[in-house]
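Engineer: Dropping in entry.cif, which is mmCIF, C-alpha atoms and all ligand atoms:
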data_my_file
#
loop_
_atom_site.label_atom_id
_atom_site.label_comp_id
_atom_site.auth_asym_id
_atom_site.auth_seq_id
_atom_site.Cartn_x
_atom_site.Cartn_y
_atom_site.Cartn_z
CA MET A 1 25.44 33.23 55.09
CA GLN A 2 25.11 34.72 58.55
CA ASP A 3 21.53 34.41 59.75
CA TYR A 4 21.77 37.38 62.05
CA ILE A 5 22.52 39.65 59.11
CA ASN A 6 19.67 38.58 56.85
CA ASP A 7 16.40 40.35 56.63
CA ILE A 8 14.10 37.35 56.59
CA ASP A 9 11.35 39.20 54.76
CA GLY A 10 13.48 40.52 51.91
CA VAL A 11 13.36 37.50 49.63
CA ARG A 12 10.86 35.24 51.39
CA GLY A 13 8.13 34.02 49.09
CA ARG A 14 9.66 35.60 45.99
CA LYS A 15 9.61 33.53 42.84
CA ILE A 16 13.10 33.61 41.42
CA VAL A 17 13.88 31.92 38.12
CA LEU A 18 17.54 30.90 38.11
CA GLY A 19 19.00 30.49 34.64
CA VAL A 20 22.06 28.25 34.62
CA SER A 21 24.15 28.37 31.47
CA GLY A 22 27.13 26.27 30.47
CA GLY A 23 30.22 27.33 32.40
CA ILE A 24 32.23 25.58 35.07
CA ALA A 25 30.76 28.00 37.63
CA ALA A 26 27.47 26.10 37.14
CA TYR A 27 28.53 23.96 40.11
CA LYS A 28 28.26 27.05 42.29
CA ALA A 29 24.69 27.56 41.07
CA ALA A 30 23.75 24.48 43.10
CA GLU A 31 24.93 26.26 46.27
CA LEU A 32 23.15 29.40 45.11
CA VAL A 33 19.84 27.51 44.98
CA ARG A 34 20.41 26.48 48.60
CA ALA A 35 21.31 30.01 49.68
CA LEU A 36 18.20 31.48 48.02
CA LYS A 37 16.01 28.74 49.47
CA HIS A 38 17.52 29.49 52.87
CA LEU A 39 16.25 33.06 52.48
CA GLY A 40 12.80 31.68 51.75
CA ALA A 41 12.74 32.17 47.97
CA ASP A 42 10.77 29.90 45.64
CA VAL A 43 13.48 28.92 43.15
CA HIS A 44 12.79 27.55 39.66
CA VAL A 45 15.76 26.54 37.58
CA ALA A 46 16.02 26.90 33.81
CA LEU A 47 19.02 24.87 32.69
CA THR A 48 20.60 25.33 29.28
CA GLU A 49 21.98 22.42 27.31
CA GLY A 50 25.49 23.60 28.18
CA GLY A 51 24.60 23.99 31.85
CA ALA A 52 23.30 20.42 31.94
CA ARG A 53 26.73 19.22 30.81
CA PHE A 54 28.18 20.52 34.08
CA VAL A 55 25.42 19.80 36.59
CA SER A 56 22.45 17.50 36.15
CA ALA A 57 18.85 18.64 36.26
CA LEU A 58 18.31 16.15 39.08
CA THR A 59 20.68 18.08 41.35
CA PHE A 60 18.76 21.33 40.83
CA GLN A 61 15.44 19.59 41.20
CA ALA A 62 16.46 18.06 44.52
CA LEU A 63 17.82 21.35 45.84
CA SER A 64 15.04 23.64 44.60
CA GLY A 65 12.15 21.28 45.29
CA ASN A 66 10.75 22.29 41.90
CA ARG A 67 10.90 20.64 38.50
CA VAL A 68 13.77 21.86 36.35
CA TRP A 69 13.10 23.31 32.92
CA THR A 70 15.47 22.51 30.10
CA ASP A 71 13.54 22.43 26.88
CA LEU A 72 11.71 25.13 24.97
CA TRP A 73 9.59 22.43 23.41
CA ASP A 74 8.56 20.93 26.73
CA GLY A 75 4.86 20.11 26.37
CA LYS A 76 4.27 20.12 30.14
CA GLY A 77 4.06 23.92 30.34
CA ASP A 78 0.94 25.98 29.71
CA ALA A 79 -0.36 24.96 26.28
CA GLY A 80 3.14 23.67 25.48
CA MET A 81 4.74 27.04 26.22
CA ALA A 82 7.35 26.34 28.87
CA HIS A 83 8.81 29.86 28.73
CA ILE A 84 5.42 31.39 29.56
CA ALA A 85 4.66 28.95 32.35
CA LEU A 86 8.05 29.46 33.96
CA GLY A 87 8.11 33.25 33.69
CA ARG A 88 4.56 33.73 34.96
CA GLY A 89 4.55 35.42 38.37
CA ALA A 90 8.35 35.54 38.58
CA ASP A 91 9.73 38.40 40.70
CA ALA A 92 13.12 38.23 39.00
CA ILE A 93 15.21 36.16 36.64
CA LEU A 94 18.84 35.66 37.67
CA VAL A 95 21.22 34.09 35.16
CA ALA A 96 24.14 32.61 37.10
CA PRO A 97 26.48 31.69 35.63
CA ALA A 98 25.96 33.88 32.58
CA THR A 99 28.51 32.74 30.00
CA ALA A 100 29.95 35.03 27.33
CA ASP A 101 27.73 33.29 24.78
CA THR A 102 24.60 33.69 26.89
CA LEU A 103 25.35 37.40 27.38
CA ALA A 104 25.86 37.80 23.63
CA ARG A 105 22.57 36.10 22.86
CA LEU A 106 20.70 38.10 25.49
CA ALA A 107 22.19 41.34 24.14
CA GLN A 108 21.00 40.43 20.65
CA GLY A 109 17.54 39.54 21.88
CA ARG A 110 17.77 36.03 20.52
CA ALA A 111 15.26 33.40 21.50
CA ASP A 112 16.76 30.13 20.36
CA ASP A 113 16.54 28.18 23.60
CA LEU A 114 14.37 28.14 26.71
CA LEU A 115 16.48 30.54 28.78
CA THR A 116 16.85 33.25 26.13
CA THR A 117 13.19 32.97 25.14
CA LEU A 118 12.22 33.27 28.78
CA CYS A 119 14.35 36.38 29.18
CA LEU A 120 12.85 37.96 26.08
CA ALA A 121 9.28 37.15 27.10
CA ARG A 122 9.68 38.33 30.70
CA ASP A 123 7.91 41.16 32.49
CA CYS A 124 10.18 41.09 35.58
CA PRO A 125 13.73 42.37 36.21
CA LEU A 126 16.70 40.45 34.81
CA LEU A 127 20.00 40.09 36.66
CA VAL A 128 23.10 38.38 35.28
CA ALA A 129 26.19 37.07 37.04
CA PRO A 130 28.91 36.75 34.37
CA ALA A 131 31.39 33.90 34.61
CA MET A 132 34.12 33.36 32.06
CA ASN A 133 37.82 33.30 31.31
CA ARG A 134 39.64 36.62 31.77
CA GLN A 135 40.28 37.12 28.06
CA MET A 136 36.70 36.41 27.13
CA TRP A 137 35.58 38.95 29.75
CA GLU A 138 38.00 41.60 28.54
CA HIS A 139 37.18 41.08 24.86
CA PRO A 140 35.58 44.21 23.35
CA ALA A 141 32.69 42.11 22.03
CA THR A 142 31.78 40.97 25.56
CA GLN A 143 32.13 44.50 26.92
CA ARG A 144 29.89 45.77 24.09
CA ASN A 145 27.28 43.16 24.95
CA LEU A 146 27.40 44.13 28.61
CA ALA A 147 26.95 47.79 27.77
CA THR A 148 23.95 46.87 25.62
CA LEU A 149 22.45 44.79 28.42
CA ALA A 150 23.06 47.53 31.00
CA GLY A 151 21.37 49.99 28.61
CA ASP A 152 18.39 47.62 28.47
CA GLY A 153 18.12 47.82 32.27
CA VAL A 154 19.75 44.46 33.02
CA LEU A 155 21.60 44.44 36.34
CA VAL A 156 25.10 42.97 36.14
CA LEU A 157 26.38 41.34 39.35
CA GLY A 158 30.18 41.01 39.39
CA PRO A 159 32.27 39.37 38.16
CA ALA A 160 35.00 39.03 40.79
CA THR A 161 38.71 39.05 40.09
CA GLY A 162 40.83 36.11 41.14
CA GLU A 163 42.00 32.63 40.29
CA GLN A 164 40.09 31.01 37.45
CA ALA A 165 39.26 27.41 36.66
CA CYS A 166 41.51 27.65 33.59
CA GLY A 167 44.46 28.49 35.85
CA GLU A 168 44.63 32.16 34.89
CA VAL A 169 44.17 35.03 37.31
CA GLY A 170 41.99 38.05 36.50
CA PRO A 171 38.43 39.32 36.17
CA GLY A 172 35.67 36.88 35.20
CA ARG A 173 35.07 34.73 38.27
CA MET A 174 31.42 34.43 39.15
CA LEU A 175 30.53 35.99 42.50
CA GLU A 176 30.25 33.45 45.31
CA PRO A 177 26.76 32.01 45.94
CA GLU A 178 26.42 33.88 49.23
CA GLU A 179 27.39 37.17 47.59
CA LEU A 180 24.76 36.57 44.90
CA ALA A 181 22.10 35.69 47.48
CA ASP A 182 23.03 38.86 49.33
CA ALA A 183 22.75 40.85 46.09
CA MET A 184 19.25 39.44 45.55
CA LEU A 185 18.32 40.48 49.07
CA ALA A 186 19.62 43.98 48.37
CA PHE A 187 17.76 44.02 45.06
CA PHE A 188 14.42 43.39 46.77
CA THR A 189 15.03 45.93 49.55
CA PRO A 190 13.33 49.32 49.08
CA LYS A 191 15.97 52.05 48.70
CA LEU A 192 14.77 54.09 51.66
CA LEU A 193 18.24 55.54 52.27
CA ALA A 194 19.27 56.19 48.66
CA GLY A 195 21.75 59.05 48.40
CA ARG A 196 22.37 59.11 52.16
CA LYS A 197 25.60 58.54 54.05
CA VAL A 198 25.47 56.58 57.30
CA VAL A 199 28.24 56.22 59.89
CA LEU A 200 27.92 53.46 62.49
CA THR A 201 29.88 52.15 65.44
CA ALA A 202 29.65 48.48 66.43
CA GLY A 203 31.17 45.88 68.71
CA PRO A 204 33.00 46.33 72.01
CA THR A 205 36.03 48.49 72.62
CA PHE A 206 39.27 47.15 74.03
CA GLU A 207 41.09 49.38 76.50
CA ALA A 208 44.63 48.12 76.95
CA ILE A 209 46.14 47.74 80.42
CA ASP A 210 49.40 46.38 79.02
CA PRO A 211 50.38 44.64 75.74
CA VAL A 212 48.51 41.44 76.66
CA ARG A 213 45.60 42.57 78.86
CA GLY A 214 42.72 44.96 78.67
CA VAL A 215 39.23 46.02 79.68
CA THR A 216 36.49 44.95 77.30
CA ASN A 217 32.96 43.45 77.21
CA PRO A 218 31.22 40.55 75.43
CA SER A 219 29.43 42.62 72.76
CA SER A 220 29.40 40.47 69.59
CA GLY A 221 28.85 43.33 67.15
CA LYS A 222 26.02 41.40 65.48
CA MET A 223 23.34 44.10 65.89
CA GLY A 224 25.65 46.81 64.56
CA TYR A 225 26.75 44.67 61.63
CA ALA A 226 23.15 43.71 60.83
CA LEU A 227 22.25 47.38 60.86
CA ALA A 228 25.20 48.33 58.67
CA ALA A 229 24.12 45.64 56.18
CA ALA A 230 20.50 46.85 56.30
CA CYS A 231 21.59 50.46 55.62
CA ALA A 232 23.71 49.33 52.65
CA ARG A 233 20.81 47.28 51.26
CA ALA A 234 18.59 50.34 51.68
CA GLY A 235 20.91 52.22 49.31
CA SER A 236 23.12 54.35 51.59
CA ALA A 237 26.89 54.69 51.65
CA VAL A 238 27.99 53.08 54.91
CA ALA A 239 31.09 53.59 57.04
CA LEU A 240 31.31 51.11 59.90
CA VAL A 241 33.76 51.91 62.69
CA SER A 242 34.17 48.57 64.40
CA GLY A 243 35.68 47.40 67.65
CA PRO A 244 37.29 43.93 67.73
CA VAL A 245 34.73 41.35 66.56
CA ALA A 246 34.87 38.05 64.67
CA LEU A 247 32.44 39.00 61.90
CA PRO A 248 32.82 39.35 58.13
CA THR A 249 32.29 42.80 56.60
CA PRO A 250 28.78 43.08 55.10
CA ALA A 251 28.50 43.74 51.35
CA GLY A 252 28.69 47.40 50.38
CA VAL A 253 30.10 48.52 53.73
CA ARG A 254 33.37 50.40 54.28
CA ARG A 255 34.82 49.08 57.51
CA VAL A 256 37.41 50.74 59.73
CA ASP A 257 38.79 48.59 62.55
CA VAL A 258 39.67 50.13 65.90
CA ALA A 259 40.38 48.86 69.40
CA SER A 260 39.94 51.64 71.97
CA ALA A 261 37.21 54.23 72.53
CA LEU A 262 39.67 57.01 71.73
CA GLN A 263 40.49 55.40 68.36
CA MET A 264 36.78 54.87 67.73
CA ARG A 265 36.10 58.54 68.42
CA ASP A 266 38.88 59.65 66.03
CA GLU A 267 37.63 57.41 63.22
CA VAL A 268 34.01 58.48 63.73
CA LEU A 269 34.98 62.14 63.52
CA ALA A 270 37.05 61.41 60.38
CA ALA A 271 34.09 59.63 58.72
CA LEU A 272 31.51 62.20 59.79
CA PRO A 273 31.78 64.95 57.13
CA ASP A 274 28.69 64.79 54.86
CA ALA A 275 27.07 62.07 57.00
CA ASP A 276 23.28 62.24 57.18
CA VAL A 277 22.99 59.67 59.95
CA PHE A 278 25.13 58.48 62.86
CA ILE A 279 24.11 55.24 64.56
CA ALA A 280 26.03 54.37 67.72
CA VAL A 281 25.60 50.67 68.37
CA ALA A 282 29.00 50.02 69.92
CA ALA A 283 29.26 49.00 73.55
CA VAL A 284 31.93 51.57 74.28
CA ALA A 285 33.83 51.06 77.53
CA ASP A 286 32.87 53.90 79.84
CA TYR A 287 36.35 53.88 81.40
CA ARG A 288 39.89 53.11 80.25
CA PRO A 289 43.09 52.56 82.23
CA ALA A 290 44.67 55.90 83.11
CA THR A 291 47.96 54.61 81.73
CA THR A 292 48.86 51.71 79.47
CA SER A 293 52.03 49.91 80.45
CA PRO A 294 54.37 49.44 77.47
CA HIS A 295 55.51 46.12 78.99
CA LYS A 296 53.67 43.17 80.47
CA ILE A 297 52.87 43.92 84.12
CA LYS A 298 54.40 41.31 86.45
CA LYS A 299 52.44 39.64 89.21
CA THR A 300 53.51 41.21 92.49
CA GLY A 301 50.97 40.50 95.22
CA GLU A 302 47.43 39.50 96.18
CA THR A 303 45.79 42.58 94.75
CA MET A 304 46.37 44.84 91.80
CA THR A 305 44.91 48.29 91.29
CA VAL A 306 44.20 49.74 87.88
CA GLU A 307 43.14 53.35 87.88
CA LEU A 308 40.41 54.05 85.30
CA VAL A 309 39.49 57.37 83.73
CA ALA A 310 36.30 58.20 81.83
CA ASN A 311 36.18 57.76 78.07
CA PRO A 312 34.59 60.43 75.90
CA ASP A 313 30.93 59.77 75.06
CA ILE A 314 31.20 59.59 71.27
CA LEU A 315 27.47 59.72 70.63
CA ALA A 316 26.82 62.66 72.97
CA GLU A 317 29.71 64.54 71.37
CA VAL A 318 28.46 63.97 67.83
CA ALA A 319 24.85 64.81 68.77
CA ALA A 320 25.95 68.09 70.36
CA ARG A 321 27.68 69.38 67.21
CA PRO A 322 25.96 72.29 65.48
CA ASP A 323 26.12 70.32 62.21
CA ALA A 324 25.03 67.05 63.86
CA PRO A 325 23.68 64.33 61.57
CA PHE A 326 20.49 62.49 62.57
CA CYS A 327 21.73 60.56 65.63
CA VAL A 328 20.48 57.16 66.76
CA GLY A 329 21.59 55.71 70.09
CA PHE A 330 21.33 52.26 71.61
CA ALA A 331 20.77 51.38 75.23
CA ALA A 332 21.04 47.90 76.65
CA GLU A 333 19.58 47.81 80.14
CA SER A 334 19.03 45.06 82.68
CA GLN A 335 15.96 46.75 84.24
CA ASN A 336 13.62 49.78 83.95
CA LEU A 337 14.14 49.92 80.19
CA ASP A 338 11.55 52.63 79.50
CA ASP A 339 12.88 55.03 82.12
CA TYR A 340 16.56 54.53 81.40
CA ALA A 341 16.27 54.44 77.63
CA GLU A 342 14.02 57.48 77.27
CA GLY A 343 16.15 59.27 79.89
CA LYS A 344 19.27 58.59 77.79
CA ARG A 345 17.57 59.73 74.61
CA GLN A 346 16.73 63.04 76.20
CA ALA A 347 20.04 63.48 78.05
CA LYS A 348 22.02 62.90 74.83
CA ARG A 349 19.48 64.94 72.80
CA LEU A 350 18.78 62.15 70.32
CA PRO A 351 15.83 62.08 67.93
CA MET A 352 15.80 58.27 68.18
CA LEU A 353 17.10 55.58 70.51
CA VAL A 354 16.79 51.81 70.36
CA GLY A 355 16.54 50.10 73.72
CA ASN A 356 16.72 46.45 74.63
CA LEU A 357 16.44 44.52 77.85
CA LEU A 358 19.46 42.37 78.49
CA ALA A 359 17.26 39.37 79.34
CA ASP A 360 19.27 37.03 77.10
CA GLY A 361 22.67 38.63 77.60
CA LEU A 362 24.73 39.87 74.67
CA GLY A 363 25.71 38.06 71.49
CA GLY A 364 22.54 36.21 70.43
CA ASP A 365 21.09 36.13 66.91
CA ASP A 366 17.67 37.45 67.96
CA ASN A 367 16.74 40.69 69.65
CA THR A 368 13.70 42.28 71.29
CA VAL A 369 13.86 46.05 71.08
CA VAL A 370 11.79 49.15 71.71
CA ILE A 371 12.30 52.31 69.63
CA TYR A 372 12.00 55.62 71.50
CA ASP A 373 11.46 58.91 69.72
CA ALA A 374 9.70 62.24 70.31
CA GLU A 375 6.35 60.52 69.67
CA GLY A 376 6.82 57.87 72.35
CA ARG A 377 7.74 54.21 72.51
CA HIS A 378 7.42 51.72 69.65
CA PRO A 379 7.99 48.08 70.65
CA LEU A 380 9.11 45.69 67.89
CA PRO A 381 8.42 41.95 68.02
CA ARG A 382 11.26 39.63 68.94
CA ALA A 383 13.02 38.66 65.70
CA PRO A 384 16.42 37.87 64.15
CA LYS A 385 18.73 40.88 64.25
CA GLY A 386 18.64 41.30 60.44
CA PHE A 387 14.87 41.69 60.51
CA VAL A 388 15.01 44.03 63.49
CA ALA A 389 17.65 46.03 61.60
CA ARG A 390 15.35 46.57 58.63
CA GLN A 391 12.58 47.80 60.88
CA ILE A 392 14.98 50.21 62.56
CA VAL A 393 16.00 51.48 59.10
CA GLU A 394 12.35 51.92 58.11
CA HIS A 395 11.65 53.89 61.29
CA LEU A 396 14.73 56.01 60.86
CA ALA A 397 13.90 56.73 57.20
CA ARG A 398 10.47 58.01 58.29
CA LEU A 399 12.01 60.40 60.83
CA LEU A 400 14.90 61.56 58.66
CA PRO A 401 14.56 65.15 57.40
CA GLN A 402 14.08 65.30 53.63
CA ALA A 403 17.39 65.74 51.80
O1 LIG B 1 25.10 55.96 78.28
P1 LIG B 1 25.22 54.67 77.56
O2 LIG B 1 26.62 54.17 77.45
O3 LIG B 1 24.30 53.58 78.03
O4 LIG B 1 24.70 55.04 76.10
C1 LIG B 1 24.68 54.10 75.10
C2 LIG B 1 24.75 54.75 73.76
O5 LIG B 1 25.83 55.71 73.72
C3 LIG B 1 25.07 53.77 72.69
O6 LIG B 1 24.48 54.26 71.51
C4 LIG B 1 26.59 53.82 72.62
O7 LIG B 1 27.09 53.38 71.38
C5 LIG B 1 26.87 55.27 72.87
N1 LIG B 1 28.14 55.56 73.58
C6 LIG B 1 29.17 56.23 72.94
N2 LIG B 1 30.33 56.51 73.60
C7 LIG B 1 30.49 56.16 74.88
C8 LIG B 1 29.46 55.46 75.55
C9 LIG B 1 28.30 55.17 74.86
O8 LIG B 1 29.03 56.55 71.75
N3 LIG B 1 31.61 56.44 75.51
#
Take the structure from the file and write it as structure tokens.
Structural biologist:
Amino acid sequence: MQDYINDIDGVRGRKIVLGVSGGIAAYKAAELVRALKHLGADVHVALTEGGARFVSALTFQALSGNRVWTDLWDGKGDAGMAHIALGRGADAILVAPATADTLARLAQGRADDLLTTLCLARDCPLLVAPAMNRQMWEHPATQRNLATLAGDGVLVLGPATGEQACGEVGPGRMLEPEELADAMLAFFTPKLLAGRKVVLTAGPTFEAIDPVRGVTNPSSGKMGYALAAACARAGSAVALVSGPVALPTPAGVRRVDVASALQMRDEVLAALPDADVFIAVAAVADYRPATTSPHKIKKTGETMTVELVANPDILAEVAARPDAPFCVGFAAESQNLDDYAEGKRQAKRLPMLVGNLLADGLGGDDNTVVIYDAEGRHPLPRAPKGFVARQIVEHLARLLPQA
């Protein structure tokens, strides 16, 4: 999991009961405990008899730092009622892996072991991550059970399609631990941008001089990617037009890769129809070579001159459209942040701009930013980019005209 992308407050302090039932994917549940703990969750594992055949209770106890519950008749719970003790105060129950049998028993409302009893007695949301052989997944009985569970308000995460432990290929693989942790983060994030469409730019641009050289900058893309992830978690459709970066695509984000500013402009304009918000985080090169040589330029002397011409300002162009979405700009400055940032906000006619002082250079995992809008300046505390991203989303959601 990429730290810069996480919103550290999304899951921190939440009590999550992780139900582990008896499928081979139970070994991934051990990693899932780690990923959830990494996000600051308080994880309590309920292990079925089948689950314990794959991974021992000791493993989950060591990873979660909490005792593991296996037995409905465990006298150590409140008045001998383990299911009540475990479910009390839980923010969510996640069953991962959820086997075909577990799904069937949950759909029927059975209560013949600790996990099913816990799920029946709960007063918190239930999420399930199915994991089974392709044929079991596709069987009409399983699909019926899933429809029943969905109708009961249970959230189904996955499954993925791919190679299975049994050697077959198809749907039924449990989502990876990091994908599930990310889904939990999204689950706990208020849906401030539900029904909205957001277009973002991120990363540097690369302006080719010849086939092997170009003009670029060290933007990592991390802030833009963290913001794209935060928008997706807040419930919006997200199109991310990205310059060349070495980052994975955040969950729920449609990514379009580009190199040059001209390509970025074209893809932004193509993604723009119906967009409610445009957030320009990319460090777009202000200039590009006037011509790009089709062949590698040979070394000829002590100096070399490359003529540069101005690139279009994508953000200013979008903000000037009569049907402009709500536009958010970024400004990284090395000095006079307030003057330059607010000046840019007004020059580009933006309702909101996020400024940061380049004290630490580009590419770090943390950021210190100030938000500028018509009301004035709003400094945010220094924090990981994922946390900063959520605060930017919250601010933007407050300013956004009602749909
Ligand atoms: O004027 P300056 O380049 O500092 O403005 C920065 C803001 O404008 C950022 O939001 C950046 O993504 C956007 N921008 C753009 N196209 C350009 C230059 C900057 O969209 N050619």
Engineer: Would you kindly return, as JSON, numbers by chain, each protein, DNA or RNA residue with an atom no farther than 9 Å from any atom of range 9-21 of chain A, considering all atoms listed in the file and excluding same-chain residues fewer than 3 positions away?
Structural biologist: {"A": [6, 26, 29, 33, 36, 37, 38, 39, 40, 41, 42, 43, 44, 45, 46, 47, 48, 49, 50, 51, 52, 86, 87, 89, 90, 91, 92, 93, 94, 95, 96, 97, 98, 99, 102, 115, 128, 184, 185, 186, 187, 188, 189, 387]}
Engineer: Per residue of chain A within 7 Å of ligand LIG 1 (chain B), which atom pair is closest and at what distance in Å (one decimal), using all atoms listed in the file, listed by chain and increasing number, as CSV?
Structural biologist:
residue,atom,partner,partner_atom,distance
A:Thr201,CA,B:LIG1,O7,6.7
A:Ala261,CA,B:LIG1,N3,6.7
A:Ala280,CA,B:LIG1,O7,3.9
A:Val281,CA,B:LIG1,O7,4.3
A:Ala282,CA,B:LIG1,O7,4.1
A:Ala283,CA,B:LIG1,O7,5.3
A:Val284,CA,B:LIG1,C8,4.8
A:Ala285,CA,B:LIG1,N3,6.2
A:Asp286,CA,B:LIG1,N3,5.2
A:Asn311,CA,B:LIG1,N3,5.4
A:Pro312,CA,B:LIG1,N3,5.0
A:Asp313,CA,B:LIG1,N3,3.4
A:Ile314,CA,B:LIG1,O8,3.8
A:Leu315,CA,B:LIG1,O8,3.7
A:Ala316,CA,B:LIG1,O8,6.6
A:Val328,CA,B:LIG1,O6,6.9
A:Gly329,CA,B:LIG1,O6,3.5
A:Phe330,CA,B:LIG1,O6,3.7
A:Ala331,CA,B:LIG1,C1,4.8
A:Ala332,CA,B:LIG1,O3,6.7
A:Lys344,CA,B:LIG1,O1,6.4
Engineer: Report as a VMD selection string all protein, DNA and RNA residues lying within 10 Å of range 396-402 of chain A, evaluated on all atoms listed in the file, omitting residues in the same chain fewer than 6 positions from it.
Structural biologist: chain A and resid 191 to 193 234 276 to 277 325 to 328 351 to 353 371 373 to 374 390
Engineer: Take the selection from the previous step and output its residues with C-alpha atoms, as a PDB file, keeping the file's coordinate frame.
Structural biologist:
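Below is the file that was written, selection.pdb:
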ATOM      1  CA  LYS A 191      15.970  52.050  48.700  1.00  0.00           C
ATOM      2  CA  LEU A 192      14.770  54.090  51.660  1.00  0.00           C
ATOM      3  CA  LEU A 193      18.240  55.540  52.270  1.00  0.00           C
ATOM      4  CA  ALA A 234      18.590  50.340  51.680  1.00  0.00           C
ATOM      5  CA  ASP A 276      23.280  62.240  57.180  1.00  0.00           C
ATOM      6  CA  VAL A 277      22.990  59.670  59.950  1.00  0.00           C
ATOM      7  CA  PRO A 325      23.680  64.330  61.570  1.00  0.00           C
ATOM      8  CA  PHE A 326      20.490  62.490  62.570  1.00  0.00           C
ATOM      9  CA  CYS A 327      21.730  60.560  65.630  1.00  0.00           C
ATOM     10  CA  VAL A 328      20.480  57.160  66.760  1.00  0.00           C
ATOM     11  CA  PRO A 351      15.830  62.080  67.930  1.00  0.00           C
ATOM     12  CA  MET A 352      15.800  58.270  68.180  1.00  0.00           C
ATOM     13  CA  LEU A 353      17.100  55.580  70.510  1.00  0.00           C
ATOM     14  CA  ILE A 371      12.300  52.310  69.630  1.00  0.00           C
ATOM     15  CA  ASP A 373      11.460  58.910  69.720  1.00  0.00           C
ATOM     16  CA  ALA A 374       9.700  62.240  70.310  1.00  0.00           C
ATOM     17  CA  ARG A 390      15.350  46.570  58.630  1.00  0.00           C
TER      18      ARG A 390
END
Engineer: By how many Å are CA of Ala150 in chain A and CA of Pro190 in chain A apart?
Structural biologist: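 Taking CA of Ala150 in chain A as the start and CA of Pro190 in chain A as the end point, the length is 20.6 Å.
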Engineer: Just to confirm, what's the straight-line distance from CA of Val154 in chain A to CA of Ala183 in chain A in Å (one decimal)?
Structural biologist: 13.9 Å
Engineer: Distance CA of Asp323 in chain A-CA of Arg349 in chain A, one decimal place?
Structural biologist: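 Result for CA of Asp323 in chain A versus CA of Arg349 in chain A: 13.6 Å, one decimal.
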Engineer: So, with all atoms listed in the file as the atoms that count, which of A:Val245, A:Val238, A:Ala111, A:Ile297 lies closest to Arg196 in chain A?
Structural biologist: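 Residue with the minimum atom-to-atom distance to Arg196 in chain A: A:Val238.
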Engineer: Considering all atoms listed in the file, can you say which of A:Ala259, A:Ala275, A:Ala232, A:Cys166 comes closest to Lys197 in chain A?
Structural biologist: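 Nearest candidate to Lys197 in chain A out of A:Ala259, A:Ala275, A:Ala232, A:Cys166: A:Ala275.
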